[in-house]
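Asker: Next up, run06.csv (CSV, C-alpha atoms).
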```
chain,number,residue,atom,x,y,z
A,56,MET,CA,0.0,0.0,0.0
A,57,PRO,CA,1.3,3.4,-0.9
A,58,HIS,CA,2.6,5.6,2.0
A,59,ILE,CA,0.1,8.4,1.2
A,60,GLN,CA,-3.3,8.3,-0.3
A,61,LEU,CA,-2.6,8.3,-4.0
A,62,PRO,CA,-5.4,8.0,-6.7
A,63,GLU,CA,-6.3,4.4,-7.0
A,64,GLY,CA,-5.8,2.1,-10.0
A,65,ILE,CA,-2.9,4.3,-11.4
A,66,PRO,CA,0.4,2.5,-11.5
A,67,GLY,CA,3.9,3.8,-10.5
A,68,ILE,CA,4.9,7.3,-11.1
A,69,ALA,CA,1.6,8.1,-12.9
A,70,SER,CA,-0.1,8.0,-9.4
A,71,GLY,CA,2.3,10.6,-8.1
A,72,PHE,CA,1.8,12.7,-11.2
A,73,ALA,CA,-2.0,12.5,-10.8
A,74,TYR,CA,-1.7,13.4,-7.1
A,75,ARG,CA,0.5,16.5,-7.7
A,76,PRO,CA,0.0,18.0,-11.2
A,77,GLU,CA,2.2,21.0,-10.3
A,78,THR,CA,5.3,18.9,-9.9
A,79,ALA,CA,4.2,16.4,-12.6
A,80,LYS,CA,4.5,19.0,-15.4
A,81,PRO,CA,8.2,19.8,-15.1
A,82,MET,CA,9.0,16.2,-14.3
A,83,ARG,CA,7.3,15.1,-17.6
A,84,ASP,CA,8.9,17.9,-19.5
A,85,LEU,CA,12.3,16.9,-18.3
A,86,ALA,CA,11.8,13.3,-19.4
A,87,HIS,CA,10.4,14.5,-22.7
A,88,VAL,CA,13.6,16.5,-23.5
A,89,LEU,CA,16.0,13.9,-22.2
A,90,LEU,CA,14.4,10.8,-23.7
A,91,PHE,CA,12.1,11.8,-26.6
A,92,GLU,CA,12.8,15.1,-28.1
A,93,PRO,CA,16.4,16.1,-27.2
A,94,GLY,CA,16.6,18.7,-30.0
A,95,ASN,CA,18.6,18.6,-33.2
A,96,THR,CA,21.8,18.7,-31.2
A,97,GLY,CA,21.2,15.4,-29.6
A,98,SER,CA,22.9,12.5,-31.5
A,99,LEU,CA,21.9,9.7,-29.1
A,100,THR,CA,18.8,7.9,-30.3
A,101,SER,CA,15.7,7.6,-28.1
A,102,GLY,CA,16.4,3.9,-27.9
A,103,GLU,CA,19.9,4.5,-26.5
A,104,ARG,CA,18.6,7.1,-24.1
A,105,GLU,CA,15.9,4.7,-22.9
A,106,LEU,CA,18.5,2.0,-22.4
A,107,ILE,CA,20.5,4.3,-20.1
A,108,ALA,CA,17.3,5.1,-18.2
A,109,THR,CA,16.4,1.4,-17.9
A,110,TYR,CA,19.9,0.4,-16.8
A,111,VAL,CA,20.0,3.1,-14.0
A,112,SER,CA,16.5,2.1,-12.9
A,113,SER,CA,17.5,-1.5,-12.7
A,114,ARG,CA,20.6,-0.6,-10.7
A,115,ASN,CA,18.3,1.3,-8.3
A,116,ASP,CA,16.1,-1.8,-8.2
A,117,CYS,CA,13.0,0.2,-9.2
A,118,TYR,CA,10.6,-2.4,-10.7
A,119,PHE,CA,8.1,0.1,-12.3
A,120,CYS,CA,10.8,2.3,-13.9
A,121,GLN,CA,13.0,-0.4,-15.3
A,122,THR,CA,10.0,-2.3,-16.7
A,123,SER,CA,8.2,0.7,-18.2
A,124,HIS,CA,11.4,2.3,-19.7
A,125,GLY,CA,12.6,-1.2,-20.7
A,126,ALA,CA,9.4,-1.5,-22.7
A,127,VAL,CA,9.8,2.0,-24.2
A,128,ALA,CA,13.4,1.1,-25.2
A,129,ALA,CA,12.3,-2.2,-26.8
A,130,HIS,CA,9.7,-0.4,-28.8
A,131,HIS,CA,12.3,2.0,-30.1
A,132,LEU,CA,14.5,-1.0,-30.9
A,133,ASP,CA,12.1,-2.9,-33.2
A,134,GLY,CA,10.7,-4.8,-30.2
A,135,ASP,CA,14.0,-6.3,-29.2
A,136,GLU,CA,13.2,-7.1,-25.6
A,137,GLU,CA,16.1,-9.6,-25.4
A,138,LEU,CA,18.6,-6.7,-26.0
A,139,VAL,CA,17.0,-4.7,-23.2
A,140,LEU,CA,17.4,-7.7,-20.8
A,141,GLN,CA,21.0,-8.2,-21.9
A,142,VAL,CA,21.9,-4.5,-21.2
A,143,LYS,CA,20.3,-4.8,-17.8
A,144,ARG,CA,22.1,-8.1,-17.0
A,145,ASP,CA,25.6,-7.4,-18.4
A,146,PHE,CA,25.8,-4.5,-20.9
A,147,LEU,CA,29.6,-4.9,-21.5
A,148,ASN,CA,28.8,-8.2,-23.3
A,149,SER,CA,25.7,-7.1,-25.0
A,150,PRO,CA,25.6,-6.2,-28.8
A,151,ILE,CA,25.6,-2.4,-28.4
A,152,SER,CA,28.1,0.1,-29.7
A,153,ALA,CA,31.4,0.7,-27.8
A,154,LYS,CA,30.2,4.3,-27.3
A,155,LEU,CA,27.0,3.3,-25.6
A,156,LYS,CA,29.0,0.9,-23.4
A,157,ALA,CA,31.2,3.8,-22.3
A,158,LEU,CA,28.2,6.0,-21.6
A,159,LEU,CA,26.5,3.2,-19.6
A,160,ALA,CA,29.7,3.0,-17.5
A,161,ILE,CA,29.3,6.7,-16.8
A,162,ALA,CA,25.6,6.3,-16.0
A,163,GLY,CA,26.5,3.5,-13.6
A,164,ALA,CA,29.0,5.7,-11.9
A,165,VAL,CA,26.5,8.5,-11.5
A,166,GLN,CA,24.0,6.1,-10.0
A,167,GLN,CA,26.6,5.3,-7.3
A,168,GLY,CA,27.3,9.0,-6.7
A,169,GLY,CA,28.4,12.0,-8.9
A,170,LYS,CA,32.0,11.9,-7.6
A,171,GLN,CA,32.3,8.3,-8.9
A,172,VAL,CA,32.6,9.6,-12.5
A,173,THR,CA,36.3,9.7,-13.3
A,174,PHE,CA,38.4,11.4,-16.1
A,175,GLU,CA,39.1,7.8,-17.3
A,176,HIS,CA,35.3,7.2,-17.8
A,177,ILE,CA,35.1,10.4,-19.8
A,178,ALA,CA,38.2,9.8,-21.8
A,179,GLU,CA,36.9,6.3,-22.7
A,180,ALA,CA,33.6,7.7,-23.9
A,181,ARG,CA,35.4,10.4,-26.0
A,182,ARG,CA,37.7,7.7,-27.5
A,183,HIS,CA,34.5,6.1,-28.9
A,184,GLY,CA,33.2,9.3,-30.3
A,185,ALA,CA,31.0,10.7,-27.5
A,186,GLY,CA,30.8,14.5,-27.5
A,187,ASP,CA,30.1,17.0,-24.7
A,188,LEU,CA,26.4,17.0,-25.2
A,189,GLU,CA,26.1,13.2,-25.2
A,190,ILE,CA,28.2,13.1,-22.0
A,191,HIS,CA,26.0,15.8,-20.4
A,192,ASP,CA,22.8,14.1,-21.3
A,193,THR,CA,24.0,10.7,-20.1
A,194,VAL,CA,24.9,12.2,-16.7
A,195,LEU,CA,21.6,14.0,-16.5
A,196,ILE,CA,19.5,11.0,-17.6
A,197,ALA,CA,21.3,8.9,-14.9
A,198,ALA,CA,20.8,11.6,-12.3
A,199,ALA,CA,17.2,12.1,-13.2
A,200,PHE,CA,16.4,8.4,-12.9
A,201,CYS,CA,18.0,8.5,-9.4
A,202,MET,CA,15.2,11.0,-8.8
A,203,TYR,CA,12.3,9.2,-10.5
A,204,ASN,CA,13.2,5.9,-9.0
A,205,ARG,CA,13.3,7.3,-5.5
A,206,TYR,CA,10.0,9.1,-6.0
A,207,VAL,CA,8.3,5.9,-7.2
A,208,ASP,CA,9.7,3.7,-4.4
A,209,GLY,CA,9.9,6.3,-1.7
A,210,LEU,CA,6.1,6.7,-1.9
A,211,ALA,CA,5.6,2.9,-2.2
A,212,THR,CA,3.5,3.3,-5.3
A,213,TRP,CA,1.4,0.4,-6.7
A,214,GLN,CA,3.6,-1.5,-9.3
A,215,PRO,CA,1.5,-4.2,-11.0
A,216,GLU,CA,3.3,-7.1,-12.6
A,217,ASP,CA,1.6,-7.2,-15.9
A,218,ALA,CA,3.9,-7.5,-19.0
A,219,GLY,CA,1.0,-6.5,-21.3
A,220,MET,CA,0.4,-3.3,-19.5
A,221,TYR,CA,4.1,-2.3,-19.7
A,222,ARG,CA,4.3,-3.2,-23.3
A,223,LYS,CA,1.3,-1.0,-24.1
A,224,MET,CA,2.7,1.8,-22.0
A,225,GLY,CA,6.1,1.4,-23.8
A,226,GLU,CA,4.4,1.7,-27.2
A,227,GLN,CA,2.5,4.8,-26.2
A,228,LEU,CA,5.5,6.6,-24.6
A,229,ALA,CA,7.8,5.7,-27.5
A,230,THR,CA,5.2,7.1,-30.0
A,231,SER,CA,4.0,10.2,-28.2
A,232,GLY,CA,6.7,11.1,-25.6
A,233,TYR,CA,6.2,12.3,-22.1
A,234,ALA,CA,5.0,15.9,-22.2
A,235,ARG,CA,1.2,16.5,-21.9
B,86,MET,CA,38.2,21.0,-14.3
B,87,PRO,CA,34.7,20.1,-15.4
B,88,HIS,CA,34.3,16.9,-17.5
B,89,ILE,CA,32.8,18.8,-20.4
B,90,GLN,CA,33.3,22.4,-21.7
B,91,LEU,CA,30.8,24.5,-19.7
B,92,PRO,CA,30.4,28.3,-19.9
B,93,GLU,CA,33.0,29.8,-17.7
B,94,GLY,CA,32.5,31.7,-14.5
B,95,LEU,CA,29.2,30.0,-13.5
B,96,PRO,CA,29.6,27.8,-10.4
B,97,GLY,CA,27.9,24.6,-9.6
B,98,ILE,CA,24.7,23.7,-11.4
B,99,ARG,CA,24.6,27.1,-13.1
B,100,GLY,CA,27.3,26.0,-15.6
B,101,PRO,CA,25.3,23.0,-17.0
B,102,MET,CA,22.1,25.0,-16.8
B,103,ALA,CA,23.5,27.5,-19.2
B,104,PHE,CA,25.0,24.7,-21.3
B,105,ARG,CA,21.6,23.1,-21.9
B,106,PRO,CA,18.7,25.6,-21.5
B,107,GLU,CA,16.2,22.9,-22.8
B,108,THR,CA,16.7,20.8,-19.6
B,109,SER,CA,17.3,23.8,-17.3
B,110,LYS,CA,13.8,25.1,-17.9
B,111,PRO,CA,11.9,22.1,-16.4
B,112,LEU,CA,14.6,21.7,-13.7
B,113,ASN,CA,14.1,25.3,-12.5
B,114,GLU,CA,10.4,25.0,-12.7
B,115,LEU,CA,10.5,21.9,-10.6
B,116,VAL,CA,12.5,23.4,-7.8
B,117,GLU,CA,10.5,26.6,-7.9
B,118,VAL,CA,7.3,24.7,-7.3
B,119,LEU,CA,8.8,22.4,-4.7
B,120,LEU,CA,10.8,24.8,-2.7
B,121,ARG,CA,8.9,28.1,-3.1
B,122,GLY,CA,5.4,27.2,-4.3
B,123,PRO,CA,2.3,27.3,-2.0
B,124,SER,CA,2.9,24.8,0.8
B,125,THR,CA,2.2,24.3,4.5
B,126,LEU,CA,6.0,23.8,4.9
B,127,THR,CA,7.8,27.1,5.0
B,128,PRO,CA,10.5,27.8,2.3
B,129,GLY,CA,13.1,27.7,5.1
B,130,GLU,CA,12.0,24.2,6.1
B,131,ARG,CA,12.0,23.0,2.5
B,132,GLU,CA,15.5,24.4,1.9
B,133,LEU,CA,16.7,22.7,5.1
B,134,ILE,CA,15.5,19.4,3.6
B,135,ALA,CA,17.4,20.2,0.4
B,136,THR,CA,20.5,21.2,2.3
B,137,TYR,CA,20.4,18.1,4.5
B,138,VAL,CA,20.1,15.7,1.5
B,139,SER,CA,22.9,17.5,-0.4
B,140,THR,CA,25.1,17.1,2.7
B,141,GLN,CA,24.4,13.4,2.9
B,142,ASN,CA,25.3,13.2,-0.8
B,143,ASP,CA,28.5,15.1,-0.1
B,144,CYS,CA,27.8,17.8,-2.7
B,145,TYR,CA,29.7,20.9,-1.7
B,146,TYR,CA,28.1,23.4,-4.0
B,147,CYS,CA,24.5,22.3,-3.4
B,148,GLN,CA,24.7,22.0,0.4
B,149,THR,CA,26.5,25.4,0.6
B,150,ILE,CA,24.1,27.4,-1.7
B,151,HIS,CA,20.9,25.8,-0.4
B,152,GLY,CA,22.3,26.2,3.2
B,153,ALA,CA,22.7,29.9,2.3
B,154,ILE,CA,19.2,30.1,0.8
B,155,ALA,CA,17.8,28.4,3.9
B,156,ALA,CA,19.6,30.8,6.2
B,157,ALA,CA,18.3,33.8,4.2
B,158,HIS,CA,14.7,32.4,4.8
B,159,LEU,CA,15.5,31.9,8.5
B,160,ASP,CA,16.5,35.4,9.4
B,161,GLY,CA,20.2,34.7,8.6
B,162,ASN,CA,20.4,31.9,11.2
B,163,GLU,CA,23.5,30.1,9.7
B,164,GLU,CA,24.1,28.3,13.0
B,165,LEU,CA,20.7,26.5,12.7
B,166,VAL,CA,21.6,25.4,9.2
B,167,ARG,CA,24.9,23.9,10.4
B,168,ALA,CA,23.1,22.2,13.4
B,169,VAL,CA,20.7,20.5,11.0
B,170,LYS,CA,23.5,19.3,8.7
B,171,ARG,CA,25.5,18.0,11.7
B,172,ASP,CA,22.8,16.4,13.8
B,173,PHE,CA,19.2,17.3,13.0
B,174,LEU,CA,17.8,15.2,15.8
B,175,HIS,CA,19.3,17.7,18.3
B,176,ALA,CA,18.8,20.8,16.3
B,177,GLU,CA,16.2,23.5,17.3
B,178,ILE,CA,13.6,22.6,14.8
B,179,SER,CA,10.1,21.2,15.2
B,180,GLU,CA,9.5,17.5,15.9
B,181,LYS,CA,7.6,17.3,12.6
B,182,LEU,CA,10.5,18.6,10.6
B,183,ARG,CA,12.8,16.1,12.3
B,184,ALA,CA,10.5,13.3,11.2
B,185,LEU,CA,10.4,14.6,7.7
B,186,LEU,CA,14.2,14.9,7.6
B,187,THR,CA,14.3,11.2,8.7
B,188,ILE,CA,12.2,10.4,5.7
B,189,ALA,CA,14.4,12.5,3.4
B,190,GLY,CA,17.5,10.7,4.8
B,191,LYS,CA,15.9,7.3,3.9
B,192,VAL,CA,15.1,8.5,0.4
B,193,GLN,CA,18.7,9.6,-0.1
B,194,LYS,CA,19.8,6.1,0.5
B,195,GLY,CA,17.2,4.6,-1.7
B,196,GLY,CA,13.4,4.9,-2.1
B,197,LYS,CA,12.7,1.4,-0.6
B,198,ASN,CA,14.3,2.5,2.7
B,199,VAL,CA,11.3,4.6,3.6
B,200,SER,CA,9.2,2.5,6.1
B,201,SER,CA,5.6,2.7,7.1
B,202,GLN,CA,6.8,3.5,10.6
B,203,ASP,CA,8.8,6.5,9.3
B,204,VAL,CA,5.6,7.8,7.6
B,205,ALA,CA,3.3,7.0,10.6
B,206,HIS,CA,5.7,8.8,12.9
B,207,ALA,CA,5.7,11.9,10.7
B,208,ARG,CA,1.8,11.8,10.6
B,209,GLU,CA,1.6,11.5,14.4
B,210,LEU,CA,3.6,14.7,14.6
B,211,GLY,CA,1.1,16.5,12.3
B,212,ALA,CA,2.6,15.9,8.8
B,213,THR,CA,0.0,15.8,6.0
B,214,ASP,CA,0.1,13.6,2.9
B,215,LEU,CA,1.2,16.5,0.8
B,216,GLU,CA,4.0,17.4,3.2
B,217,ILE,CA,5.2,13.7,3.1
B,218,HIS,CA,4.9,13.7,-0.7
B,219,ASP,CA,6.9,16.9,-1.1
B,220,THR,CA,9.5,15.7,1.4
B,221,VAL,CA,10.1,12.5,-0.6
B,222,LEU,CA,10.2,14.5,-3.9
B,223,ILE,CA,12.6,17.2,-2.6
B,224,ALA,CA,14.9,14.5,-1.3
B,225,ALA,CA,14.7,12.7,-4.7
B,226,VAL,CA,15.2,15.9,-6.7
B,227,PHE,CA,18.4,16.6,-4.7
B,228,CYS,CA,19.7,13.1,-5.4
B,229,MET,CA,19.4,14.2,-9.0
B,230,CYS,CA,20.8,17.7,-8.7
B,231,ASN,CA,23.8,16.6,-6.5
B,232,ARG,CA,24.7,13.9,-9.1
B,233,TYR,CA,24.3,16.4,-11.9
B,234,VAL,CA,26.7,18.9,-10.2
B,235,ASP,CA,29.3,16.3,-9.2
B,236,GLY,CA,28.9,14.0,-12.1
B,237,LEU,CA,30.1,16.7,-14.4
B,238,ALA,CA,32.8,17.8,-12.0
B,239,THR,CA,31.5,21.4,-12.0
B,240,TRP,CA,33.5,24.2,-10.4
B,241,ALA,CA,32.6,25.6,-7.0
B,242,PRO,CA,34.1,28.7,-5.3
B,243,ASP,CA,35.1,28.6,-1.6
B,244,ASP,CA,34.2,32.1,-0.5
B,245,PRO,CA,31.2,31.9,1.9
B,246,GLU,CA,30.3,35.5,1.1
B,247,LEU,CA,29.5,34.6,-2.6
B,248,TYR,CA,27.0,31.9,-1.4
B,249,ARG,CA,25.6,34.3,1.2
B,250,GLN,CA,24.9,37.0,-1.4
B,251,ARG,CA,23.5,34.5,-4.0
B,252,GLY,CA,21.4,32.8,-1.3
B,253,LYS,CA,19.7,36.1,-0.4
B,254,MET,CA,19.1,36.8,-4.1
B,255,VAL,CA,17.5,33.4,-4.8
B,256,ALA,CA,15.5,33.5,-1.5
B,257,ARG,CA,14.1,36.9,-2.7
B,258,ASP,CA,13.7,36.3,-6.5
B,259,GLY,CA,13.3,32.6,-6.9
B,260,TYR,CA,14.9,30.0,-9.1
B,261,VAL,CA,13.4,30.7,-12.4
B,262,ALA,CA,14.3,34.5,-12.2
B,263,ALA,CA,17.8,33.8,-10.8
B,264,ASN,CA,18.5,31.3,-13.6
B,265,LEU,CA,17.7,33.8,-16.4
B,266,LYS,CA,20.7,35.8,-15.3
B,267,ASN,CA,22.9,32.8,-16.2
B,268,LEU,CA,21.9,32.9,-19.8
B,269,SER,CA,22.9,34.9,-22.9
B,270,PRO,CA,20.1,37.2,-24.3
B,271,ALA,CA,19.3,34.6,-27.1
B,272,THR,CA,18.9,31.7,-24.7
B,273,HIS,CA,17.1,34.0,-22.3
B,274,ASP,CA,14.4,34.4,-24.9
B,275,LEU,CA,14.2,30.7,-25.5
B,276,VAL,CA,13.8,29.8,-21.8
B,277,SER,CA,11.4,32.6,-20.9
B,278,LYS,CA,8.9,31.6,-23.6
```
Go through the file and emit its structure as C-alpha cells.
Answerer:
Amino acid sequence: MPHIQLPEGIPGIASGFAYRPETAKPMRDLAHVLLFEPGNTGSLTSGERELIATYVSSRNDCYFCQTSHGAVAAHHLDGDEELVLQVKRDFLNSPISAKLKALLAIAGAVQQGGKQVTFEHIAEARRHGAGDLEIHDTVLIAAAFCMYNRYVDGLATWQPEDAGMYRKMGEQLATSGYAR
Amino acid sequence: MPHIQLPEGLPGIRGPMAFRPETSKPLNELVEVLLRGPSTLTPGERELIATYVSTQNDCYYCQTIHGAIAAAHLDGNEELVRAVKRDFLHAEISEKLRALLTIAGKVQKGGKNVSSQDVAHARELGATDLEIHDTVLIAAVFCMCNRYVDGLATWAPDDPELYRQRGKMVARDGYVAANLKNLSPATHDLVSK
C-alpha cells in the first residue's frame, strides 16, 4: 500500500503525477527533452537514451521504472526485448556500440554518486566518439532516474506485474513522448 | 576541471544549466514549485531538507548554496543550518521537521528505505500527505541535482560570502528568475517563452 493516499488504480509514477500535477509537469517535460525530443543537437537515439534510463533504474532496483522504460526502449529498438534484458544483465557483453557501453559505464558511476565519474570514464567515452552533449545528457539522464526511482519507491506506489500493461505503455510513450 | 566544456565563471549547477537551456527550464520550474510554491511547509523548512540531503550526498556546491538560501529564509540563522546538517535530531527545529528529515535521509539512501513506521511517525507529529509527498520528492530531486553537479565535476568557489549573497538573491527572487541571469540574451528568450 502506498505511504500516502494516491489516486487508486494508477500505477507507479503516474499516481504521483495525478496526485500533484504542479510537480508532474516539469518532471514530464524533463523526461520529454532527455528521452524523446532532445533537440537537433542530440545525437543519441531515443532507444539509446531509454536503455540508459532502464539500466540506471535496474541498478536502483525500481521495478516500475526499469520495466516501463525497458518497454519504451524495446519499442524504439524494433521490439528487441532480449537486447534490453542483456543490457540490464551485463551491458559490457551485449551487442551495443562501444560508445554506448562507455556511456552506460558513466551512468552506472552517476548512480553510485556523482563523484564516482572519473576522467578515465570520460576519456573512454570520448575515444569512442562521444561529444560533450552526449556526456552531459548521459549524466543528467542517470541523475534524473535517481530521482524518478526514489520518487516511485519512496512513496511505495502500486507497481503491478503485468507484462502486457508495460508493453502497451512502452508503445504509447515511444510514440507520443512524455509531455502533456 | 569540469568533465565537459561548460560556460566559464558560472559555479555549480549554473554551468550545466547555461550549457543546456532545454533541460534547465523544467529543472528550475520543478525546484521553484517544490521549494517556493504554495505549501504548509515554509520555504526555510524545505530548503533545510534540500541542504540536508545535499550534505548526505557530499555535494559541496548544493549544500552550501541551499544552506545559504535556507539561512536567508530563516533570518540569517546560519548556525541553525549547520546544526541541521550536523545532527538534525538535536537541532532546534520542530518534531515534525525532524520526522520529515528522517524520511528525506531514507530517500537519499534509496526509495525502498522509507518505512511505514517513518511515515506513521511523521503523521503523528502532524505531517500531512502532501508534506510527506513533497519531502520525498525534494529528497529525490536533490539526489538528481547533486549527481548532476558532481557527475560533471563542476567548479565551486570557496568564498562563503559569494554563497551568502547569492542565497539572499535566490530567496528573494526565486529559481526561475535567478537562472535567467545565467543565460545569454538569445537563450534567455528561448527559456522565458
Asker: Show me a table, sorted first by chain and then by increasing residue number, of the residues of chain A having an atom at most 8 Å from chain B, each with its shortest atom pair and the distance in Å to one decimal, counting only C-alpha atoms and written as a Markdown table.
Answerer:
```
| residue | atom | partner | partner_atom | distance |
| --- | --- | --- | --- | --- |
| A:His58 | CA | B:Ser201 | CA | 6.6 |
| A:Ile59 | CA | B:Asp214 | CA | 5.5 |
| A:Gln60 | CA | B:Asp214 | CA | 7.1 |
| A:Glu77 | CA | B:Val118 | CA | 7.0 |
| A:Thr78 | CA | B:Leu115 | CA | 6.0 |
| A:Pro81 | CA | B:Pro111 | CA | 4.5 |
| A:Met82 | CA | B:Pro111 | CA | 6.9 |
| A:Asp84 | CA | B:Pro111 | CA | 6.0 |
| A:Leu85 | CA | B:Pro111 | CA | 5.6 |
| A:Val88 | CA | B:Thr108 | CA | 6.6 |
| A:Leu89 | CA | B:Thr108 | CA | 7.4 |
| A:Asn115 | CA | B:Gly195 | CA | 7.5 |
| A:Val165 | CA | B:Gly236 | CA | 6.0 |
| A:Gln166 | CA | B:Arg232 | CA | 7.9 |
| A:Gly168 | CA | B:Arg232 | CA | 6.0 |
| A:Gly169 | CA | B:Gly236 | CA | 3.8 |
| A:Lys170 | CA | B:Asp235 | CA | 5.4 |
| A:Gln171 | CA | B:Gly236 | CA | 7.4 |
| A:Val172 | CA | B:Gly236 | CA | 5.8 |
| A:Phe174 | CA | B:His88 | CA | 7.0 |
| A:Ile177 | CA | B:His88 | CA | 6.9 |
| A:Asp187 | CA | B:Ile89 | CA | 5.4 |
| A:Ile190 | CA | B:Ile89 | CA | 7.5 |
| A:His191 | CA | B:Leu237 | CA | 7.3 |
| A:Val194 | CA | B:Gly236 | CA | 6.4 |
| A:Leu195 | CA | B:Tyr233 | CA | 5.8 |
| A:Ala198 | CA | B:Met229 | CA | 4.4 |
| A:Ala199 | CA | B:Met229 | CA | 5.2 |
| A:Phe200 | CA | B:Met229 | CA | 7.6 |
| A:Cys201 | CA | B:Met229 | CA | 5.9 |
| A:Met202 | CA | B:Ala225 | CA | 4.5 |
| A:Tyr203 | CA | B:Ala225 | CA | 7.2 |
| A:Asn204 | CA | B:Gly196 | CA | 7.0 |
| A:Arg205 | CA | B:Gly196 | CA | 4.2 |
| A:Tyr206 | CA | B:Leu222 | CA | 5.8 |
| A:Val207 | CA | B:Gly196 | CA | 7.3 |
| A:Asp208 | CA | B:Gly196 | CA | 4.5 |
| A:Gly209 | CA | B:Gly196 | CA | 3.8 |
| A:Leu210 | CA | B:Val221 | CA | 7.2 |
| A:Ala211 | CA | B:Lys197 | CA | 7.4 |
```
Asker: Just how far from atom CA of Thr122 of chain A is atom CA of Ala162 of chain A, in Å to one decimal?
Answerer: 17.8 Å
Asker: Pull the neighbourhood of (8.8, 25.9, 4.9) for me: all residues within 10 Å in file coordinates, counting only C-alpha atoms, as a list in words.
Answerer: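 Protein and nucleic acid residues near the point are Leu120, Arg121, Gly122, Pro123, Ser124, Thr125, Leu126, Thr127, Pro128, Gly129, Glu130, Arg131, Glu132, Leu133, Ile134, Ala155, His158, Leu159, Leu182 and Glu216 of chain B.
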Asker: May I ask for the distance between atom CA of Ala153 of chain B and atom CA of Gly252 of chain B, given in Å to one decimal place?
Answerer: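 Result for atom CA of Ala153 of chain B versus atom CA of Gly252 of chain B: 4.8 Å, one decimal.
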Asker: Taking all atoms listed in the file into account, name the residue in A:Leu188, A:Thr109, A:Leu228, A:Pro62 that is nearest to Gly163 of chain A.
Answerer: A:Thr109
Asker: Could you tell me how far atom CA of Ser123 of chain A sits from atom CA of Gly225 of chain A, in Å to one decimal place?
Answerer: 6.0 Å
Asker: List as a PyMOL selection string the protein and nucleic acid residues near segment 97-100 of chain B, meaning an atom at most 7 Å away when all atoms listed in the file are counted, but skip any in the same chain fewer than 6 places from it.
Answerer: chain B and resi 91+146+234+239-241+267
Asker: Go through B:Leu265, B:Thr149, B:Leu185, B:Phe173 and flag the residue nearest Glu209 of chain B, using only C-alpha atoms for the distances.
Answerer: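 Among B:Leu265, B:Thr149, B:Leu185, B:Phe173, it is B:Leu185 that comes nearest to Glu209 of chain B.
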Asker: Given the choices A:Ala153, A:Ala126, A:Met56, A:Ala218, which gets closest to His183 of chain A if the distance is worked out from only C-alpha atoms?
Answerer: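 Looking at the shortest contact to His183 of chain A, the residue is A:Ala153.
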Asker: Just checking: using all atoms listed in the file, which residue out of B:Tyr137, B:Gly94, B:His206, B:Met102 ends up closest to Ala263 of chain B?
Answerer: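 Among B:Tyr137, B:Gly94, B:His206, B:Met102, it is B:Met102 that comes nearest to Ala263 of chain B.
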Asker: Leaving out Leu210 of chain B and any residue of its chain fewer than 5 positions from it, which residues lie within 8 Å of it when counting only C-alpha atoms, given as a PyMOL selection string?
Answerer: chain B and resi 180-181+184
Asker: Dump C-alpha atoms for the selected residues as a PDB file, keeping the file's coordinate frame?
Answerer:
```pdb
ATOM      1  CA  GLU B 180       9.500  17.500  15.900  1.00  0.00           C
ATOM      2  CA  LYS B 181       7.600  17.300  12.600  1.00  0.00           C
ATOM      3  CA  ALA B 184      10.500  13.300  11.200  1.00  0.00           C
TER       4      ALA B 184
END
```
Asker: Identify the residues around (27.1, -1.2, -23.7) within a radius of 12 Å, measuring from only C-alpha atoms in the coordinates stated by the file, and give them as a ChimeraX atom specification.
Answerer: /A:103-104,106-107,110,138-139,141-163,180,183
Asker: As a list of chain:residue names, please: the residues near segment 244-251 of chain B (cut-off 10 Å, all atoms listed in the file, same-chain neighbours under 3 positions excluded).
Answerer: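 Non-adjacent residues within range: B:Tyr146, B:Thr149, B:Ile150, B:His151, B:Gly152, B:Ala153, B:Ile154, B:Ala156, B:Ala157, B:Gly161, B:Glu163, B:Ala241, B:Met254, B:Val255, B:Ala256, B:Arg257, B:Ala263.
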Asker: Which residues, written as a PyMOL selection string, have at least one atom at most 12 Å from Met224 of chain A, with only C-alpha atoms counted and residues fewer than 4 positions away on the same chain left out?
Answerer: chain A and resi 66-67+69+119-120+122-130+217-220+228-233
Asker: Please fill the gaps in segment 98-107 of chain B so it has N, CA and C atoms, and write that as a PDB file, in the frame of the given file.
Answerer:
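Wrote it out as result26.pdb, contents follow:
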```pdb
ATOM      1  N   ILE B  98      25.686  24.112 -10.419  1.00  0.00           N
ATOM      2  CA  ILE B  98      24.700  23.700 -11.400  1.00  0.00           C
ATOM      3  C   ILE B  98      24.439  24.775 -12.456  1.00  0.00           C
ATOM      4  N   ARG B  99      24.904  26.012 -12.181  1.00  0.00           N
ATOM      5  CA  ARG B  99      24.600  27.100 -13.100  1.00  0.00           C
ATOM      6  C   ARG B  99      25.371  26.904 -14.447  1.00  0.00           C
ATOM      7  N   GLY B 100      26.536  26.238 -14.413  1.00  0.00           N
ATOM      8  CA  GLY B 100      27.300  26.000 -15.600  1.00  0.00           C
ATOM      9  C   GLY B 100      26.473  25.053 -16.572  1.00  0.00           C
ATOM     10  N   PRO B 101      26.121  23.828 -16.124  1.00  0.00           N
ATOM     11  CA  PRO B 101      25.300  23.000 -17.000  1.00  0.00           C
ATOM     12  C   PRO B 101      23.935  23.524 -17.321  1.00  0.00           C
ATOM     13  N   MET B 102      23.391  24.347 -16.436  1.00  0.00           N
ATOM     14  CA  MET B 102      22.100  25.000 -16.800  1.00  0.00           C
ATOM     15  C   MET B 102      22.214  25.878 -17.963  1.00  0.00           C
ATOM     16  N   ALA B 103      23.325  26.638 -18.007  1.00  0.00           N
ATOM     17  CA  ALA B 103      23.500  27.500 -19.200  1.00  0.00           C
ATOM     18  C   ALA B 103      23.936  26.734 -20.394  1.00  0.00           C
ATOM     19  N   PHE B 104      24.620  25.602 -20.200  1.00  0.00           N
ATOM     20  CA  PHE B 104      25.000  24.700 -21.300  1.00  0.00           C
ATOM     21  C   PHE B 104      23.847  24.135 -22.038  1.00  0.00           C
ATOM     22  N   ARG B 105      22.784  23.827 -21.286  1.00  0.00           N
ATOM     23  CA  ARG B 105      21.600  23.100 -21.900  1.00  0.00           C
ATOM     24  C   ARG B 105      20.342  23.719 -21.380  1.00  0.00           C
ATOM     25  N   PRO B 106      19.932  24.845 -21.989  1.00  0.00           N
ATOM     26  CA  PRO B 106      18.700  25.600 -21.500  1.00  0.00           C
ATOM     27  C   PRO B 106      17.451  24.695 -21.652  1.00  0.00           C
ATOM     28  N   GLU B 107      17.446  23.737 -22.605  1.00  0.00           N
ATOM     29  CA  GLU B 107      16.200  22.900 -22.800  1.00  0.00           C
ATOM     30  C   GLU B 107      15.942  22.074 -21.553  1.00  0.00           C
TER      31      GLU B 107
END
```
